[in-house]
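Have a look at upload_6.cif below; it lists mmCIF, C-alpha atoms.
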data_work
loop_
_atom_site.group_PDB
_atom_site.id
_atom_site.type_symbol
_atom_site.label_atom_id
_atom_site.label_comp_id
_atom_site.auth_asym_id
_atom_site.auth_seq_id
_atom_site.Cartn_x
_atom_site.Cartn_y
_atom_site.Cartn_z
ATOM 1 C CA MET A 1 84.330 -83.824 43.297
ATOM 2 C CA LEU A 2 82.983 -80.799 45.150
ATOM 3 C CA PRO A 3 79.839 -82.477 46.599
ATOM 4 C CA ALA A 4 81.993 -85.255 48.067
ATOM 5 C CA THR A 5 84.415 -82.655 49.424
ATOM 6 C CA ALA A 6 81.576 -80.710 51.028
ATOM 7 C CA VAL A 7 80.240 -83.855 52.712
ATOM 8 C CA SER A 8 83.703 -84.807 53.979
ATOM 9 C CA LEU A 9 84.269 -81.336 55.410
ATOM 10 C CA ALA A 10 80.804 -81.298 56.993
ATOM 11 C CA VAL A 11 81.471 -84.651 58.690
ATOM 12 C CA LEU A 12 84.827 -83.384 59.957
ATOM 13 C CA ALA A 13 83.210 -80.171 61.214
ATOM 14 C CA ALA A 14 80.536 -82.157 63.062
ATOM 15 C CA LEU A 15 83.182 -84.334 64.718
ATOM 16 C CA LEU A 16 85.198 -81.276 65.785
ATOM 17 C CA ALA A 17 82.094 -79.454 67.031
ATOM 18 C CA TRP A 18 81.078 -82.044 69.610
ATOM 19 C CA PRO A 19 82.599 -85.503 70.084
ATOM 20 C CA VAL A 20 86.262 -84.575 69.691
ATOM 21 C CA PRO A 21 86.148 -81.615 72.156
ATOM 22 C CA ALA A 22 84.081 -83.707 74.564
ATOM 23 C CA LEU A 23 86.598 -86.556 74.480
ATOM 24 C CA LEU A 24 89.583 -84.219 74.791
ATOM 25 C CA ALA A 25 88.003 -82.336 77.706
ATOM 26 C CA ARG A 26 87.350 -85.606 79.577
ATOM 27 C CA ALA A 27 90.729 -87.168 78.819
ATOM 28 C CA ARG A 28 93.244 -87.550 81.638
ATOM 29 C CA TRP A 29 96.437 -87.220 79.592
ATOM 30 C CA PRO A 30 96.288 -83.414 79.047
ATOM 31 C CA ARG A 31 97.148 -82.868 82.709
ATOM 32 C CA ARG A 32 100.315 -84.872 82.147
ATOM 33 C CA ASP A 33 101.493 -82.404 79.489
ATOM 34 C CA PRO A 34 99.459 -79.159 79.341
ATOM 35 C CA LEU A 35 101.623 -77.659 76.595
ATOM 36 C CA VAL A 36 100.960 -80.513 74.154
ATOM 37 C CA ALA A 37 97.286 -80.457 75.099
ATOM 38 C CA LEU A 38 97.111 -76.719 74.370
ATOM 39 C CA VAL A 39 98.563 -77.348 70.906
ATOM 40 C CA CYS A 40 95.874 -79.983 70.331
ATOM 41 C CA TRP A 41 93.099 -77.636 71.442
ATOM 42 C CA GLN A 42 94.334 -74.911 69.085
ATOM 43 C CA ALA A 43 94.340 -77.459 66.246
ATOM 44 C CA VAL A 44 90.777 -78.552 67.076
ATOM 45 C CA GLY A 45 89.525 -74.966 67.080
ATOM 46 C CA LEU A 46 91.263 -73.913 63.859
ATOM 47 C CA ALA A 47 90.421 -77.092 61.969
ATOM 48 C CA GLY A 48 86.809 -76.956 63.126
ATOM 49 C CA GLY A 49 86.303 -73.395 61.925
ATOM 50 C CA LEU A 50 87.994 -74.081 58.593
ATOM 51 C CA SER A 51 85.952 -77.253 58.084
ATOM 52 C CA ILE A 52 82.505 -75.766 58.619
ATOM 53 C CA ILE A 53 83.211 -72.641 56.573
ATOM 54 C CA GLY A 54 84.925 -74.740 53.894
ATOM 55 C CA ALA A 55 81.991 -77.164 53.664
ATOM 56 C CA LEU A 56 79.526 -74.331 53.105
ATOM 57 C CA LEU A 57 81.807 -72.574 50.640
ATOM 58 C CA VAL A 58 82.517 -75.717 48.627
ATOM 59 C CA HIS A 59 78.818 -76.608 48.361
ATOM 60 C CA GLY A 60 77.883 -73.086 47.369
ATOM 61 C CA LEU A 61 80.542 -72.907 44.648
ATOM 62 C CA ALA A 62 79.905 -76.380 43.205
ATOM 63 C CA PRO A 63 78.105 -75.083 40.052
ATOM 64 C CA TRP A 64 81.164 -73.068 39.028
ATOM 65 C CA GLY A 65 83.788 -75.825 38.902
ATOM 66 C CA HIS A 66 85.060 -79.241 39.905
ATOM 67 C CA SER A 67 87.499 -77.926 42.519
ATOM 68 C CA LEU A 68 87.608 -74.981 44.882
ATOM 69 C CA PRO A 69 90.430 -73.133 43.044
ATOM 70 C CA GLU A 70 88.618 -73.629 39.719
ATOM 71 C CA ALA A 71 85.282 -72.448 41.147
ATOM 72 C CA LEU A 72 86.811 -69.431 42.874
ATOM 73 C CA GLY A 73 88.690 -68.514 39.700
ATOM 74 C CA ALA A 74 85.485 -68.712 37.681
ATOM 75 C CA VAL A 75 83.541 -66.532 40.132
ATOM 76 C CA LEU A 76 86.309 -63.937 40.441
ATOM 77 C CA THR A 77 86.733 -63.652 36.662
ATOM 78 C CA GLY A 78 82.990 -63.471 36.048
ATOM 79 C CA HIS A 79 82.598 -66.779 34.216
ATOM 80 C CA PRO A 80 79.062 -68.178 34.281
ATOM 81 C CA ALA A 81 78.277 -71.316 36.251
ATOM 82 C CA GLY A 82 78.524 -74.588 34.315
ATOM 83 C CA ASP A 83 75.596 -76.120 36.241
ATOM 84 C CA PRO A 84 72.316 -74.631 37.452
ATOM 85 C CA VAL A 85 72.682 -72.533 40.596
ATOM 86 C CA ARG A 86 69.967 -73.571 43.052
ATOM 87 C CA GLY A 87 68.715 -71.827 46.137
ATOM 88 C CA ASP A 88 70.681 -74.116 48.447
ATOM 89 C CA HIS A 89 73.897 -72.955 46.764
ATOM 90 C CA TRP A 90 73.095 -69.323 47.532
ATOM 91 C CA VAL A 91 72.087 -70.230 51.095
ATOM 92 C CA ALA A 92 75.389 -72.089 51.621
ATOM 93 C CA LEU A 93 77.414 -69.165 50.278
ATOM 94 C CA THR A 94 75.500 -66.728 52.471
ATOM 95 C CA LEU A 95 75.982 -68.877 55.568
ATOM 96 C CA ALA A 96 79.697 -69.255 54.808
ATOM 97 C CA GLY A 97 80.078 -65.488 54.578
ATOM 98 C CA VAL A 98 78.021 -64.841 57.707
ATOM 99 C CA LEU A 99 79.816 -67.485 59.764
ATOM 100 C CA ALA A 100 83.281 -66.391 58.642
ATOM 101 C CA SER A 101 82.413 -62.752 59.338
ATOM 102 C CA GLU A 102 80.978 -63.615 62.755
ATOM 103 C CA LEU A 103 83.938 -65.717 63.868
ATOM 104 C CA LEU A 104 86.525 -63.224 62.669
ATOM 105 C CA GLY A 105 84.452 -60.256 63.834
ATOM 106 C CA VAL A 106 83.913 -61.655 67.313
ATOM 107 C CA LEU A 107 87.610 -62.547 67.533
ATOM 108 C CA LEU A 108 88.582 -58.992 66.596
ATOM 109 C CA LEU A 109 85.935 -57.484 68.885
ATOM 110 C CA SER A 110 87.053 -59.677 71.804
ATOM 111 C CA TRP A 111 90.655 -58.628 71.235
ATOM 112 C CA VAL A 112 89.743 -54.921 71.065
ATOM 113 C CA ARG A 113 87.533 -55.053 74.167
ATOM 114 C CA THR A 114 90.038 -57.046 76.176
ATOM 115 C CA THR A 115 92.908 -54.797 75.118
ATOM 116 C CA ARG A 116 90.954 -51.669 76.091
ATOM 117 C CA ALA A 117 89.945 -53.169 79.438
ATOM 118 C CA ARG A 118 93.533 -54.143 80.208
ATOM 119 C CA ARG A 119 94.810 -50.702 79.220
ATOM 120 C CA ARG A 120 92.197 -49.018 81.411
ATOM 121 C CA HIS A 121 92.943 -51.246 84.404
ATOM 122 C CA ARG A 122 96.694 -50.810 83.921
ATOM 123 C CA GLU A 123 96.362 -47.026 83.890
ATOM 124 C CA LEU A 124 94.251 -47.078 87.065
ATOM 125 C CA LEU A 125 96.541 -49.512 88.841
ATOM 126 C CA GLU A 126 99.650 -47.510 88.004
ATOM 127 C CA LEU A 127 98.149 -44.672 90.070
ATOM 128 C CA VAL A 128 97.900 -46.759 93.243
ATOM 129 C CA VAL A 129 100.566 -49.484 93.081
ATOM 130 C CA GLN A 130 104.139 -49.144 94.270
ATOM 131 C CA PRO A 131 107.259 -50.950 92.999
ATOM 132 C CA SER A 132 108.310 -53.849 95.208
ATOM 133 C CA ALA A 133 111.684 -53.438 96.899
ATOM 134 C CA ASP A 134 112.233 -57.196 97.119
ATOM 135 C CA LEU A 135 110.638 -58.562 93.930
ATOM 136 C CA PRO A 136 111.870 -57.029 90.654
ATOM 137 C CA ASP A 137 109.284 -56.036 88.023
ATOM 138 C CA THR A 138 106.512 -56.501 90.600
ATOM 139 C CA ARG A 139 104.087 -53.897 91.949
ATOM 140 C CA LEU A 140 102.422 -53.857 95.368
ATOM 141 C CA LEU A 141 98.757 -52.994 95.846
ATOM 142 C CA GLU A 142 97.242 -52.085 99.224
ATOM 143 C CA HIS A 143 94.462 -54.648 99.497
ATOM 144 C CA PRO A 144 93.652 -56.890 102.483
ATOM 145 C CA ALA A 145 92.746 -59.943 100.381
ATOM 146 C CA PRO A 146 95.531 -62.252 99.133
ATOM 147 C CA VAL A 147 95.582 -61.390 95.429
ATOM 148 C CA ALA A 148 98.160 -61.927 92.700
ATOM 149 C CA PHE A 149 97.616 -61.290 89.009
ATOM 150 C CA CYS A 150 99.266 -60.039 85.858
ATOM 151 C CA ILE A 151 97.921 -57.842 83.088
ATOM 152 C CA PRO A 152 99.491 -58.862 79.765
ATOM 153 C CA GLY A 153 100.111 -56.538 76.870
ATOM 154 C CA ALA A 154 102.764 -54.261 75.459
ATOM 155 C CA ARG A 155 103.451 -52.973 78.991
ATOM 156 C CA PRO A 156 102.758 -55.980 81.229
ATOM 157 C CA LEU A 157 101.997 -55.439 84.888
ATOM 158 C CA LEU A 158 102.514 -57.995 87.687
ATOM 159 C CA VAL A 159 100.679 -57.102 90.895
ATOM 160 C CA LEU A 160 100.729 -58.544 94.423
ATOM 161 C CA SER A 161 98.404 -57.307 97.132
ATOM 162 C CA SER A 162 99.613 -56.414 100.610
ATOM 163 C CA GLY A 163 97.347 -59.182 101.859
ATOM 164 C CA MET A 164 99.201 -61.705 99.693
ATOM 165 C CA VAL A 165 102.588 -60.502 100.937
ATOM 166 C CA ALA A 166 101.417 -60.787 104.544
ATOM 167 C CA GLU A 167 99.903 -64.238 103.998
ATOM 168 C CA LEU A 168 102.821 -65.980 102.271
ATOM 169 C CA ASP A 169 106.433 -66.624 103.164
ATOM 170 C CA GLU A 170 109.360 -65.741 100.910
ATOM 171 C CA ASP A 171 109.413 -69.034 98.986
ATOM 172 C CA GLN A 172 105.662 -68.984 98.421
ATOM 173 C CA LEU A 173 105.785 -65.422 97.134
ATOM 174 C CA ALA A 174 108.546 -66.414 94.736
ATOM 175 C CA ALA A 175 106.357 -69.279 93.500
ATOM 176 C CA VAL A 176 103.405 -66.968 92.874
ATOM 177 C CA VAL A 177 105.568 -64.454 91.020
ATOM 178 C CA ALA A 178 107.104 -67.228 88.908
ATOM 179 C CA HIS A 179 103.596 -68.443 88.006
ATOM 180 C CA GLU A 180 102.506 -64.989 86.856
ATOM 181 C CA ARG A 181 105.729 -64.415 84.940
ATOM 182 C CA ALA A 182 105.106 -67.700 83.111
ATOM 183 C CA HIS A 183 101.759 -66.317 81.916
ATOM 184 C CA LEU A 184 103.463 -63.208 80.575
ATOM 185 C CA ARG A 185 106.480 -64.924 79.044
ATOM 186 C CA GLU A 186 104.433 -67.521 77.150
ATOM 187 C CA HIS A 187 101.636 -65.087 76.140
ATOM 188 C CA HIS A 188 98.892 -67.306 77.533
ATOM 189 C CA HIS A 189 96.298 -64.597 76.925
ATOM 190 C CA LEU A 190 96.724 -65.190 73.181
ATOM 191 C CA LEU A 191 96.015 -68.907 73.621
ATOM 192 C CA LEU A 192 92.792 -68.074 75.446
ATOM 193 C CA LEU A 193 91.517 -65.419 73.027
ATOM 194 C CA PRO A 194 90.261 -67.736 70.210
ATOM 195 C CA PHE A 195 88.235 -69.760 72.707
ATOM 196 C CA VAL A 196 86.764 -66.649 74.301
ATOM 197 C CA ALA A 197 85.646 -65.615 70.807
ATOM 198 C CA TRP A 198 84.397 -69.132 69.950
ATOM 199 C CA GLU A 199 82.204 -69.219 73.054
ATOM 200 C CA ALA A 200 80.904 -65.700 72.393
ATOM 201 C CA ALA A 201 80.167 -66.414 68.714
ATOM 202 C CA LEU A 202 78.530 -69.815 69.288
ATOM 203 C CA PRO A 203 77.002 -69.717 72.786
ATOM 204 C CA VAL A 204 74.497 -72.472 71.920
ATOM 205 C CA LEU A 205 77.310 -74.914 71.125
ATOM 206 C CA PRO A 206 78.218 -76.822 74.311
ATOM 207 C CA ALA A 207 81.670 -77.621 72.936
ATOM 208 C CA ALA A 208 82.556 -73.914 72.861
ATOM 209 C CA GLY A 209 82.128 -73.468 76.609
ATOM 210 C CA ARG A 210 83.763 -76.827 77.315
ATOM 211 C CA ALA A 211 86.779 -75.914 75.193
ATOM 212 C CA HIS A 212 87.164 -72.504 76.835
ATOM 213 C CA ALA A 213 87.060 -74.036 80.329
ATOM 214 C CA ALA A 214 89.556 -76.754 79.387
ATOM 215 C CA VAL A 215 92.011 -74.275 77.872
ATOM 216 C CA ARG A 216 91.776 -71.987 80.937
ATOM 217 C CA GLU A 217 92.630 -74.938 83.170
ATOM 218 C CA LEU A 218 95.516 -76.060 80.968
ATOM 219 C CA VAL A 219 96.960 -72.544 80.808
ATOM 220 C CA GLU A 220 97.088 -72.422 84.608
ATOM 221 C CA MET A 221 98.662 -75.883 84.801
ATOM 222 C CA ARG A 222 101.245 -74.892 82.222
ATOM 223 C CA ALA A 223 102.099 -71.785 84.260
ATOM 224 C CA ASP A 224 102.446 -73.999 87.334
ATOM 225 C CA ASP A 225 104.893 -76.257 85.470
ATOM 226 C CA VAL A 226 106.995 -73.345 84.236
ATOM 227 C CA ALA A 227 107.041 -71.837 87.710
ATOM 228 C CA LEU A 228 108.211 -75.121 89.261
ATOM 229 C CA ALA A 229 111.184 -75.265 86.891
ATOM 230 C CA SER A 230 112.456 -71.926 88.241
ATOM 231 C CA LEU A 231 111.937 -72.506 91.974
ATOM 232 C CA ALA A 232 114.930 -73.338 94.138
ATOM 233 C CA GLY A 233 113.288 -74.570 97.371
ATOM 234 C CA ARG A 234 113.422 -78.142 98.668
ATOM 235 C CA VAL A 235 109.727 -78.809 98.069
ATOM 236 C CA PRO A 236 108.661 -76.439 95.259
ATOM 237 C CA ARG A 237 105.461 -78.351 94.524
ATOM 238 C CA ARG A 238 104.235 -78.064 98.101
ATOM 239 C CA THR A 239 105.324 -74.430 98.221
ATOM 240 C CA LEU A 240 103.323 -73.500 95.125
ATOM 241 C CA ALA A 241 100.334 -75.564 96.264
ATOM 242 C CA ARG A 242 100.246 -73.745 99.605
ATOM 243 C CA ALA A 243 100.440 -70.393 97.813
ATOM 244 C CA ILE A 244 97.495 -71.329 95.567
ATOM 245 C CA VAL A 245 95.431 -72.473 98.565
ATOM 246 C CA ALA A 246 96.207 -69.254 100.439
ATOM 247 C CA ALA A 247 95.210 -67.104 97.467
ATOM 248 C CA ALA A 248 92.057 -69.152 96.876
ATOM 249 C CA GLY A 249 91.076 -68.696 100.510
ATOM 250 C CA GLY A 250 90.457 -64.984 100.007
ATOM 251 C CA PRO A 251 87.236 -63.456 98.664
ATOM 252 C CA GLY A 252 86.623 -64.974 95.210
ATOM 253 C CA GLY A 253 88.266 -62.900 92.534
ATOM 254 C CA ALA A 254 88.679 -59.929 94.867
ATOM 255 C CA GLY A 255 90.792 -57.216 93.291
ATOM 256 C CA VAL A 256 91.409 -59.131 90.047
ATOM 257 C CA PRO A 257 90.450 -56.972 87.048
ATOM 258 C CA ASP A 258 88.839 -58.286 83.892
ATOM 259 C CA GLY A 259 91.364 -59.534 81.359
ATOM 260 C CA ALA A 260 93.991 -60.327 83.991
ATOM 261 C CA LEU A 261 95.531 -63.745 84.607
ATOM 262 C CA ALA A 262 95.528 -64.682 88.287
ATOM 263 C CA VAL A 263 97.233 -67.456 90.221
ATOM 264 C CA THR A 264 93.751 -68.677 91.225
ATOM 265 C CA GLY A 265 92.476 -68.353 87.666
ATOM 266 C CA SER A 266 90.933 -71.799 87.175
ATOM 267 C CA ALA A 267 90.620 -75.308 88.639
ATOM 268 C CA THR A 268 92.506 -74.549 91.832
ATOM 269 C CA GLY A 269 91.518 -77.859 93.434
ATOM 270 C CA ALA A 270 92.668 -79.943 90.477
ATOM 271 C CA ARG A 271 95.900 -77.961 90.262
ATOM 272 C CA VAL A 272 96.707 -78.446 93.948
ATOM 273 C CA ILE A 273 96.104 -82.190 93.658
ATOM 274 C CA ARG A 274 98.272 -82.278 90.542
ATOM 275 C CA LEU A 275 101.082 -80.462 92.359
ATOM 276 C CA LEU A 276 100.987 -82.710 95.429
ATOM 277 C CA GLU A 277 100.403 -85.931 93.473
ATOM 278 C CA PRO A 278 102.112 -85.250 90.135
ATOM 279 C CA PRO A 279 101.034 -87.520 87.272
ATOM 280 C CA SER A 280 103.691 -89.293 85.282
ATOM 281 C CA PRO A 281 104.810 -87.169 82.304
ATOM 282 C CA LEU A 282 103.906 -88.203 78.796
ATOM 283 C CA SER A 283 106.496 -90.377 77.140
ATOM 284 C CA ALA A 284 108.380 -88.950 74.170
ATOM 285 C CA PRO A 285 106.510 -91.208 71.670
ATOM 286 C CA ALA A 286 103.159 -90.124 73.140
ATOM 287 C CA ARG A 287 104.125 -86.452 72.932
ATOM 288 C CA TRP A 288 105.200 -86.786 69.320
ATOM 289 C CA ALA A 289 102.062 -88.770 68.466
ATOM 290 C CA ALA A 290 99.837 -86.027 69.920
ATOM 291 C CA LEU A 291 101.762 -83.254 68.134
ATOM 292 C CA ILE A 292 101.696 -85.122 64.810
ATOM 293 C CA ALA A 293 97.960 -85.743 65.240
ATOM 294 C CA ALA A 294 97.433 -82.014 65.846
ATOM 295 C CA GLY A 295 99.440 -81.175 62.720
ATOM 296 C CA LEU A 296 97.520 -83.679 60.613
ATOM 297 C CA LEU A 297 94.235 -82.347 61.962
ATOM 298 C CA LEU A 298 95.190 -78.850 60.800
ATOM 299 C CA LEU A 299 96.314 -80.219 57.431
ATOM 300 C CA LEU A 300 93.227 -82.364 56.777
ATOM 301 C CA PRO A 301 90.694 -79.616 55.918
ATOM 302 C CA THR A 302 93.267 -77.903 53.713
ATOM 303 C CA VAL A 303 93.896 -81.156 51.835
ATOM 304 C CA LEU A 304 90.165 -81.762 51.439
ATOM 305 C CA LEU A 305 89.697 -78.270 50.042
ATOM 306 C CA LEU A 306 92.563 -78.406 47.556
ATOM 307 C CA ALA A 307 92.840 -82.105 46.636
ATOM 308 C CA PRO A 308 90.125 -82.040 43.904
ATOM 309 C CA ALA A 309 92.268 -79.542 41.983
ATOM 310 C CA PHE A 310 94.991 -82.178 41.425
#
Could you take the file, read its structure, and then write that structure out as C-alpha cells?
Amino acid sequence: MLPATAVSLAVLAALLAWPVPALLARARWPRRDPLVALVCWQAVGLAGGLSIIGALLVHGLAPWGHSLPEALGAVLTGHPAGDPVRGDHWVALTLAGVLASELLGVLLLSWVRTTRARRRHRELLELVVQPSADLPDTRLLEHPAPVAFCIPGARPLLVLSSGMVAELDEDQLAAVVAHERAHLREHHHLLLLPFVAWEAALPVLPAAGRAHAAVRELVEMRADDVALASLAGRVPRRTLARAIVAAAGGPGGAGVPDGALAVTGSATGARVIRLLEPPSPLSAPARWAALIAAGLLLLLPTVLLLAPAF
C-alpha cells in the first residue's frame, strides 16, 4: 500500500505546488470574500507541505511496513526492514528530513527575525511618537509624508504621521485607524508568516511568491471590510478609498518600518476599485462549499497517510 500512497501524495503535492495556487490567485471570487479565501490559502499551504514531506517519508519507509504507523513503529523499535532497503529509500528519507527541517526552520527564523525587527522599531518609535489626543490607542509621528501603520505583537503600536493627519479629514482618519485596528485585532501578521517562510524556503517555486502576494492583498481587503463595518459616515466606502489614495500618494513606503502593516500595504488600486465598485458577496452555499473544500483539502493528506493502516 505504501508505494500507492506515496504516488498519491506526490500527485497531490504537485497539484498544490503549481496549478491550484495559480488558479486560486487568478480567481475573481476571493475578492468577494477575503476571509474565506484566506482560509483556503492556509489550507493549500498546509496541505501542500504535508503532502510533499509525506510522499518522501512514505516512500523512504516502505521497506519497513505496509502502512506509515507500522513502518514508523518498526523503525523506532529497531525492527529490521522486511524488504531490501535501496538507495532511493535513503534518498527519500534524507530529502524528507531536509525539507521538513528547512520549512520549519525558515518559519521559525522568519518569526524570530520579524519579532526582533518589530521590537526594535517599536522601541525606537516610542522615543519619538506622542499619544493622540483625539484618537485613543494611537500615536502621532512627526513626518511630512502621509503614513499610517501598525506594529503587531504583545505590545501593538498604531502610528499616524503628522502628514497623514494634515492630509485627511476626521472621517478619513477614522477609516484609516479602523483599518489598522482590524489588522491588529485579527492578527493578520500570523496569516502572512507561513507564506513569507514558504517564499524564503522555496524561492525557485513560482507558486510561493504568487501565494505570498495573493495573501498580502487579501489581508488588506479583509482589513478594509472590517473597517467599513465600524464606520458611521454616510459614504464609508468612498471615505476609506479617499484615505487609501491620499496615503498612496506619498513617497512609497516612507516611514513604514519592516514588519509593519500599513494602510497602503498591497494592491491599493484593486482595493480602491473594490471599495467604489463593491462585488456581490459570496452566497451562503458558496461560502460553505469553499470552507468545506478547504477542510477536505487539509484532511486528504492525513487520510492518505493513515488509511493503509486500516
Residues of stretch 109-204 of chain A at most 10 Å from stretch 252-273 of chain A: nearest atom pair and distance in Å, all atoms listed in the file, as a Markdown table:
| residue | atom | partner | partner_atom | distance |
| --- | --- | --- | --- | --- |
| A:Arg113 | CA | A:Gly259 | CA | 9.3 |
| A:Thr114 | CA | A:Gly259 | CA | 5.9 |
| A:Thr115 | CA | A:Gly259 | CA | 8.0 |
| A:Arg116 | CA | A:Gly259 | CA | 9.5 |
| A:Ala117 | CA | A:Gly259 | CA | 6.8 |
| A:Arg118 | CA | A:Gly259 | CA | 5.9 |
| A:Arg119 | CA | A:Gly259 | CA | 9.7 |
| A:Arg120 | CA | A:Pro257 | CA | 9.9 |
| A:His121 | CA | A:Pro257 | CA | 6.8 |
| A:Arg122 | CA | A:Pro257 | CA | 9.3 |
| A:Leu125 | CA | A:Pro257 | CA | 9.8 |
| A:Leu141 | CA | A:Gly255 | CA | 9.4 |
| A:His143 | CA | A:Gly255 | CA | 7.7 |
| A:Pro144 | CA | A:Ala254 | CA | 9.6 |
| A:Ala145 | CA | A:Ala254 | CA | 6.9 |
| A:Pro146 | CA | A:Ala254 | CA | 8.4 |
| A:Val147 | CA | A:Gly255 | CA | 6.7 |
| A:Ala148 | CA | A:Ala262 | CA | 5.8 |
| A:Phe149 | CA | A:Ala262 | CA | 4.0 |
| A:Cys150 | CA | A:Leu261 | CA | 5.4 |
| A:Ile151 | CA | A:Ala260 | CA | 4.7 |
| A:Pro152 | CA | A:Ala260 | CA | 7.1 |
| A:Leu157 | CA | A:Ala260 | CA | 9.4 |
| A:Leu158 | CA | A:Leu261 | CA | 9.6 |
| A:Val159 | CA | A:Val256 | CA | 9.5 |
| A:Ser161 | CA | A:Gly255 | CA | 8.5 |
| A:Ala175 | CA | A:Val263 | CA | 9.9 |
| A:Val176 | CA | A:Val263 | CA | 6.7 |
| A:Val177 | CA | A:Val263 | CA | 8.9 |
| A:Ala178 | CA | A:Val263 | CA | 10.0 |
| A:His179 | CA | A:Val263 | CA | 6.8 |
| A:Glu180 | CA | A:Val263 | CA | 6.7 |
| A:His183 | CA | A:Leu261 | CA | 7.3 |
| A:Leu184 | CA | A:Leu261 | CA | 8.9 |
| A:His188 | CA | A:Leu261 | CA | 8.6 |
| A:His189 | CA | A:Leu261 | CA | 7.8 |
State, in Å with one decimal place, the distance from atom CA of A:Leu50 to atom CA of A:Arg287.
24.9 Å
Straight-line distance linking atom CA of A:Leu306 with atom CA of A:Phe195, stated in Å to one decimal:
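That distance, rounded to one decimal, is 26.9 Å.
Across the structure, atom CA of A:Glu70 and atom CA of A:Val85 are spaced 16.0 Å apart.
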For the structure shown, which residues end up in the PyMOL selection byres ((chain A and resi 202-217) around 9)? Put them as a ChimeraX atom specification, please?
/A:16-22,24-25,34,37-38,41,45,103,191-192,194-201,218-222,265-268,270-271
Among listed residues A:Ala55, A:Met164, A:Ala154, A:Leu304, nearest A:Arg185 (using only C-alpha atoms)
A:Ala154
With distances taken over only C-alpha atoms, which residue among A:Leu305, A:Leu99, A:Ala71, A:Ala247 lies nearest A:Val7?
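Of A:Leu305, A:Leu99, A:Ala71, A:Ala247, the one nearest A:Val7 is A:Leu305, counting only C-alpha atoms.
Proximity ranking of A:Leu193, A:Ala4, A:Val303, A:Val58 relative to A:Asp88 places A:Val58 first, based on all atoms listed in the file.
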A:Leu173, A:Leu104, A:Leu72, A:Leu61 ranked by distance to A:Arg86, top pick (using all atoms listed in the file):
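Among the listed residues, A:Leu61 lies closest to A:Arg86.
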Would you pick out the contacts of A:Trp64 at 10 Å or less, using all atoms listed in the file, so that residues sharing its chain but fewer than 3 positions from it are not included, and give the list as a PDB file with C-alpha atoms, in the coordinates of the input?
ATOM      1  CA  GLY A  60      77.883 -73.086  47.369  1.00  0.00           C
ATOM      2  CA  LEU A  61      80.542 -72.907  44.648  1.00  0.00           C
ATOM      3  CA  SER A  67      87.499 -77.926  42.519  1.00  0.00           C
ATOM      4  CA  LEU A  68      87.608 -74.981  44.882  1.00  0.00           C
ATOM      5  CA  GLU A  70      88.618 -73.629  39.719  1.00  0.00           C
ATOM      6  CA  ALA A  71      85.282 -72.448  41.147  1.00  0.00           C
ATOM      7  CA  LEU A  72      86.811 -69.431  42.874  1.00  0.00           C
ATOM      8  CA  GLY A  73      88.690 -68.514  39.700  1.00  0.00           C
ATOM      9  CA  ALA A  74      85.485 -68.712  37.681  1.00  0.00           C
ATOM     10  CA  VAL A  75      83.541 -66.532  40.132  1.00  0.00           C
ATOM     11  CA  HIS A  79      82.598 -66.779  34.216  1.00  0.00           C
ATOM     12  CA  PRO A  80      79.062 -68.178  34.281  1.00  0.00           C
ATOM     13  CA  ALA A  81      78.277 -71.316  36.251  1.00  0.00           C
ATOM     14  CA  GLY A  82      78.524 -74.588  34.315  1.00  0.00           C
ATOM     15  CA  ASP A  83      75.596 -76.120  36.241  1.00  0.00           C
ATOM     16  CA  PRO A  84      72.316 -74.631  37.452  1.00  0.00           C
ATOM     17  CA  VAL A  85      72.682 -72.533  40.596  1.00  0.00           C
TER      18      VAL A  85
END
Generate N, CA, C and O atoms for stretch 110-118 of chain A and emit them as a compact mmCIF listing (two decimals), in the frame of the given file.
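Once written, rebuild.txt looks like this:
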# COMPACT_ATOMS: atom_id res chain seq x y z
N SER A 110 86.58 -59.20 70.50
CA SER A 110 87.05 -59.68 71.80
C SER A 110 88.45 -59.13 72.09
O SER A 110 88.75 -58.71 73.21
N TRP A 111 89.30 -59.14 71.06
CA TRP A 111 90.66 -58.63 71.24
C TRP A 111 90.63 -57.13 71.56
O TRP A 111 91.34 -56.68 72.46
N VAL A 112 89.81 -56.37 70.84
CA VAL A 112 89.74 -54.92 71.06
C VAL A 112 89.21 -54.63 72.47
O VAL A 112 89.77 -53.81 73.21
N ARG A 113 88.12 -55.31 72.85
CA ARG A 113 87.53 -55.05 74.17
C ARG A 113 88.49 -55.44 75.29
O ARG A 113 88.64 -54.70 76.26
N THR A 114 89.12 -56.60 75.13
CA THR A 114 90.04 -57.05 76.18
C THR A 114 91.24 -56.12 76.27
O THR A 114 91.69 -55.78 77.37
N THR A 115 91.76 -55.70 75.12
CA THR A 115 92.91 -54.80 75.12
C THR A 115 92.56 -53.47 75.78
O THR A 115 93.34 -52.93 76.58
N ARG A 116 91.37 -52.94 75.48
CA ARG A 116 90.95 -51.67 76.09
C ARG A 116 90.77 -51.82 77.59
O ARG A 116 91.18 -50.94 78.37
N ALA A 117 90.16 -52.94 78.01
CA ALA A 117 89.94 -53.17 79.44
C ALA A 117 91.28 -53.28 80.17
O ALA A 117 91.46 -52.71 81.25
N ARG A 118 92.22 -54.01 79.58
CA ARG A 118 93.53 -54.14 80.21
C ARG A 118 94.24 -52.81 80.29
O ARG A 118 94.88 -52.49 81.30
